[in-house]
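Notes for the one structure printed next.
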Amino acid sequence: MQRRQFLTLSAATAATPLLSSCGGEPEEFPVNKKPGFPDSGFGADSTAEDVTEGLDLSGKNVLITGCNSGIGLETMRVLAMRGAHVIGTGRTLAKASAACDSVAGKTTPVELELTDFESILNCAETVKALDLPLDMLICNAGISGRLDKQVVNGVELAFQVNYLGHFLLVNKLLPQVEAAKSARIVHVSSRAAYTRPLAAGIRFDSLGEGNGGVEYDSWEYYGQSKLANALFSLKLASKYAGTNVTSNSLHPGFVKTNIARGQGWLLETAFDILGPLITKNVEEGSATTCYAAAHPEMNGISGQFLSDANVVSVGGDHHLENHALADELWDYSERLLTKYLG
Ligand SMILES: NC(=O)c1ccc[n+]([C@@H]2O[C@H](COP(=O)([O-])OP(=O)(O)OC[C@H]3O[C@@H](n4cnc5c(N)ncnc54)[C@H](OP(=O)(O)O)[C@@H]3O)[C@@H](O)[C@H]2O)c1
């Protein structure tokens with residue numbers, strides 16, 4: 001077997017869990033446009049520019065986490081191009097500044113390291129000091145599961161970065177969100193939220209140093225963190241029902257970005273080789289975020305899950321609309337962060 005064939009075969013094998021988490025259409029979870037909601041007319045190959053065409057976002061303030069790479073960078077570029085002021089966060093100020101400088105329009109770089117609660121508090125203070133209402137708050141930054149379980153601040157790493165750090169940031173910025181005439185909180189979740197979480201949805205006893213008897217599987221832990229994104233959105237939507245604030249979560253598609261970093265060389269190679277053939281590009285992969293954050297059809301729509309720039313219903317056995325679990329998650333997070341929530 002040629003080296004290239006071997007690599008392609010290995011890549012395809014390695015990519016299987018990634019595909020079942022992020023791409024493909026498994027029969028047990030049928031995804032359809034949700035009746036009673038607008039059919040946007042957009043689809044999997046629509047781009048962020050397509051879904052925002054003709055929009056004038058001048059006067060709007062957006063905060064997006066993880067602005068220096070992949071979906072975050074393209075979302076920032078397009079929203080700024082449409083006239084919004086985008087506050088873009090990066091793990092260092094240098095990264096955020098370089099990303100902000102790389103796009104046209106009004107942007108403000110801010111440092112945010114989601115594994116570090118002090119950094120999150122500093123970021124919130126910096127944003128507060130700008131004294132601006134936040135019309136769109138986009139929780140985008142994220143990592144895939146790591147090969148071995150890593151724990152930071154007593155919590156599994158993907159759960160901390162993808163969800164818990166955002167929980168603290170959003171809670172700290174709610175006064176700025178509430179101050180907007182009409183505000184949208186958008187959570188970049190994943191289809192892994194329903195295809196790959198643990199059977200119980202979230203196993204709170206698996207999150208710390210102990211694993212509660214749960215064997216570590218990086219994709220299940222990724223799915224658990226992405227389900228947490230969706231449940232956080234559901235809970236915020238309930239809390240803000242009937243107000244000027246909406247909250248929705250989404251699957252961006254299977255997108256060729258840097259998301260496979262940390263998954264080991266085989267999967268990273270798989271992503272490099274197969275990515276261009278089977279994934280959305282970042283222009284397409286940012287469409288659902290931009291649609292949820294900025295499209296007029298989404299006015300007043302809250303507590304929903306989106307895919308391919310449409311509100312969708314997801315069939316099958318999953319926890320996306322499990323309000324009891326969303327309540328439990330909120331209480332668990334508040335208990336963990338009492339010291340920081342103040
Ligand atoms: N790509 C896909 O197929 C796919 C599918 C479903 C869902 N998603 C979700 O889409 C979102 C965006 O990911 P992407 O695909 O655009 O991947 P990406 O290119 O790797 O971008 C991830 C962003 O998150 C930032 N980030 C990572 N760890 C962080 C931390 N500890 N603190 C603060 N920021 C951190 C990264 O900063 P650095 O560059 O400095 O590390 C980067 O800006 C993620 O939430 C991901 O779970 C992606």
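Labeling convention for the structure tokens: chains A, B, ... as they appear, residues from 1 per chain, ligands from 1 in order of appearance.
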
- Message: Can you pull out every residue with an atom within 6 Å of ligand 1? Use only C-alpha atoms and all ligand atoms and format it as a count of residues only.
- Response: 31

Each residue of region 268-307 of chain A lying at most 9 Å from region 206-230 of chain A should get a row with its shortest atom-to-atom pair and the distance in Å to one decimal, counting only C-alpha atoms; could you produce that, ordered by chain and increasing number, as JSON lines?
```
{"residue": "A:Gly303", "atom": "CA", "partner": "A:Ala230", "partner_atom": "CA", "distance": 8.8}
{"residue": "A:Gln304", "atom": "CA", "partner": "A:Ala230", "partner_atom": "CA", "distance": 8.8}
{"residue": "A:Phe305", "atom": "CA", "partner": "A:Ala230", "partner_atom": "CA", "distance": 7.6}
```

- DSSP-assigned strand (DSSP E) members of region 2-185 of chain A, reported as a ChimeraX atom specification: /A:31-33,61-64,85-90,107-111,136-139,151-152,155-156,183-185

Selected residues, C-alpha atoms, written as a short mmCIF file (atom, residue, chain, number, x, y, z; two decimals), in the first residue's frame, please.
```
data_model
loop_
_atom_site.label_atom_id
_atom_site.label_comp_id
_atom_site.auth_asym_id
_atom_site.auth_seq_id
_atom_site.Cartn_x
_atom_site.Cartn_y
_atom_site.Cartn_z
CA VAL A 31 -33.17 16.91 11.82
CA ASN A 32 -35.94 18.89 10.12
CA LYS A 33 -36.92 22.53 9.78
CA ASN A 61 -22.43 45.98 19.47
CA VAL A 62 -21.37 42.34 19.32
CA LEU A 63 -19.10 40.35 21.60
CA ILE A 64 -17.71 37.12 20.17
CA HIS A 85 -18.85 47.09 16.32
CA VAL A 86 -17.35 43.70 17.22
CA ILE A 87 -15.59 43.10 20.51
CA GLY A 88 -13.45 40.09 19.74
CA THR A 89 -11.83 37.99 22.44
CA GLY A 90 -8.65 35.95 22.17
CA THR A 107 -13.47 46.01 16.26
CA THR A 108 -12.13 46.02 19.81
CA PRO A 109 -9.79 43.26 21.00
CA VAL A 110 -10.10 41.91 24.54
CA GLU A 111 -8.18 39.15 26.31
CA MET A 136 -25.31 40.21 20.39
CA LEU A 137 -23.29 38.02 22.71
CA ILE A 138 -21.84 35.05 20.86
CA CYS A 139 -20.32 32.21 22.89
CA VAL A 151 -8.92 18.71 34.78
CA VAL A 152 -8.63 22.45 35.40
CA VAL A 155 -13.47 20.51 36.23
CA GLU A 156 -12.86 18.54 33.03
CA ALA A 183 -30.42 41.43 22.56
CA ARG A 184 -29.50 37.97 21.35
CA ILE A 185 -27.29 35.47 23.13
#
```

- Message: as a ChimeraX atom specification, please: the residues near Glu321 (chain A) (cut-off 12 Å, only C-alpha atoms, same-chain neighbours under 4 positions excluded).
- Response: /A:193-194,201,227-235,237-238,248-249,303-305,313-317,325-327

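Shortest separation to Ser307 (chain A) among A:Pro133, A:Gly43, A:Gly275, A:Gly262 occurs at residue A:Gly43, atoms counted being only C-alpha atoms.
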
- Restricting the calculation to only C-alpha atoms, which member of A:Gln176, A:Ala98, A:Gly154, A:Leu169 is positioned closest to Leu132 (chain A)?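 The closest residue to Leu132 (chain A) is A:Gln176.
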
- Task: Could you find all residues in region 78-158 of chain A that DSSP calls alpha helix (DSSP H) from the backbone, and write them as a list of chain:residue names?
- Result: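 Those residues are A:Val78, A:Leu79, A:Ala80, A:Met81, A:Leu93, A:Ala94, A:Lys95, A:Ala96, A:Ser97, A:Ala98, A:Ala99, A:Cys100, A:Asp101, A:Phe117, A:Glu118, A:Ser119, A:Ile120, A:Leu121, A:Asn122, A:Cys123, A:Ala124, A:Glu125, A:Thr126, A:Val127, A:Lys128, A:Ala129, A:Leu157, A:Ala158.
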
Selection above as a file: C-alpha atoms, as an mmCIF file, in the first residue's frame:
```cif
data_model
loop_
_atom_site.group_PDB
_atom_site.id
_atom_site.type_symbol
_atom_site.label_atom_id
_atom_site.label_comp_id
_atom_site.auth_asym_id
_atom_site.auth_seq_id
_atom_site.Cartn_x
_atom_site.Cartn_y
_atom_site.Cartn_z
ATOM 1 C CA VAL A 78 -18.819 39.478 8.346
ATOM 2 C CA LEU A 79 -20.626 41.200 11.229
ATOM 3 C CA ALA A 80 -18.038 44.017 11.199
ATOM 4 C CA MET A 81 -18.366 44.252 7.405
ATOM 5 C CA LEU A 93 -4.495 40.375 23.795
ATOM 6 C CA ALA A 94 -1.920 39.888 21.027
ATOM 7 C CA LYS A 95 -4.050 37.174 19.377
ATOM 8 C CA ALA A 96 -7.258 39.186 19.707
ATOM 9 C CA SER A 97 -5.544 42.336 18.376
ATOM 10 C CA ALA A 98 -4.030 40.552 15.377
ATOM 11 C CA ALA A 99 -7.449 39.078 14.515
ATOM 12 C CA CYS A 100 -9.224 42.402 14.928
ATOM 13 C CA ASP A 101 -6.589 44.130 12.792
ATOM 14 C CA PHE A 117 -11.702 32.714 36.148
ATOM 15 C CA GLU A 118 -9.688 35.878 36.874
ATOM 16 C CA SER A 119 -9.230 36.394 33.133
ATOM 17 C CA ILE A 120 -12.986 36.003 32.638
ATOM 18 C CA LEU A 121 -13.716 38.575 35.358
ATOM 19 C CA ASN A 122 -11.134 40.961 33.845
ATOM 20 C CA CYS A 123 -12.670 40.527 30.402
ATOM 21 C CA ALA A 124 -16.146 41.325 31.790
ATOM 22 C CA GLU A 125 -14.775 44.409 33.569
ATOM 23 C CA THR A 126 -13.038 45.591 30.382
ATOM 24 C CA VAL A 127 -16.263 45.203 28.416
ATOM 25 C CA LYS A 128 -18.295 46.936 31.139
ATOM 26 C CA ALA A 129 -15.858 49.860 31.032
ATOM 27 C CA LEU A 157 -11.163 20.807 30.465
ATOM 28 C CA ALA A 158 -13.694 20.796 27.587
#
```

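When CA of Leu306 (chain A) is paired with CA of Leu250 (chain A), their separation reads 4.5 Å.
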
- Message: One decimal, in Å: what's the spacing between CA of Leu337 (chain A) and CA of Glu178 (chain A)?
- Response: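 One can read the CA of Leu337 (chain A) to CA of Glu178 (chain A) distance as 21.5 Å.
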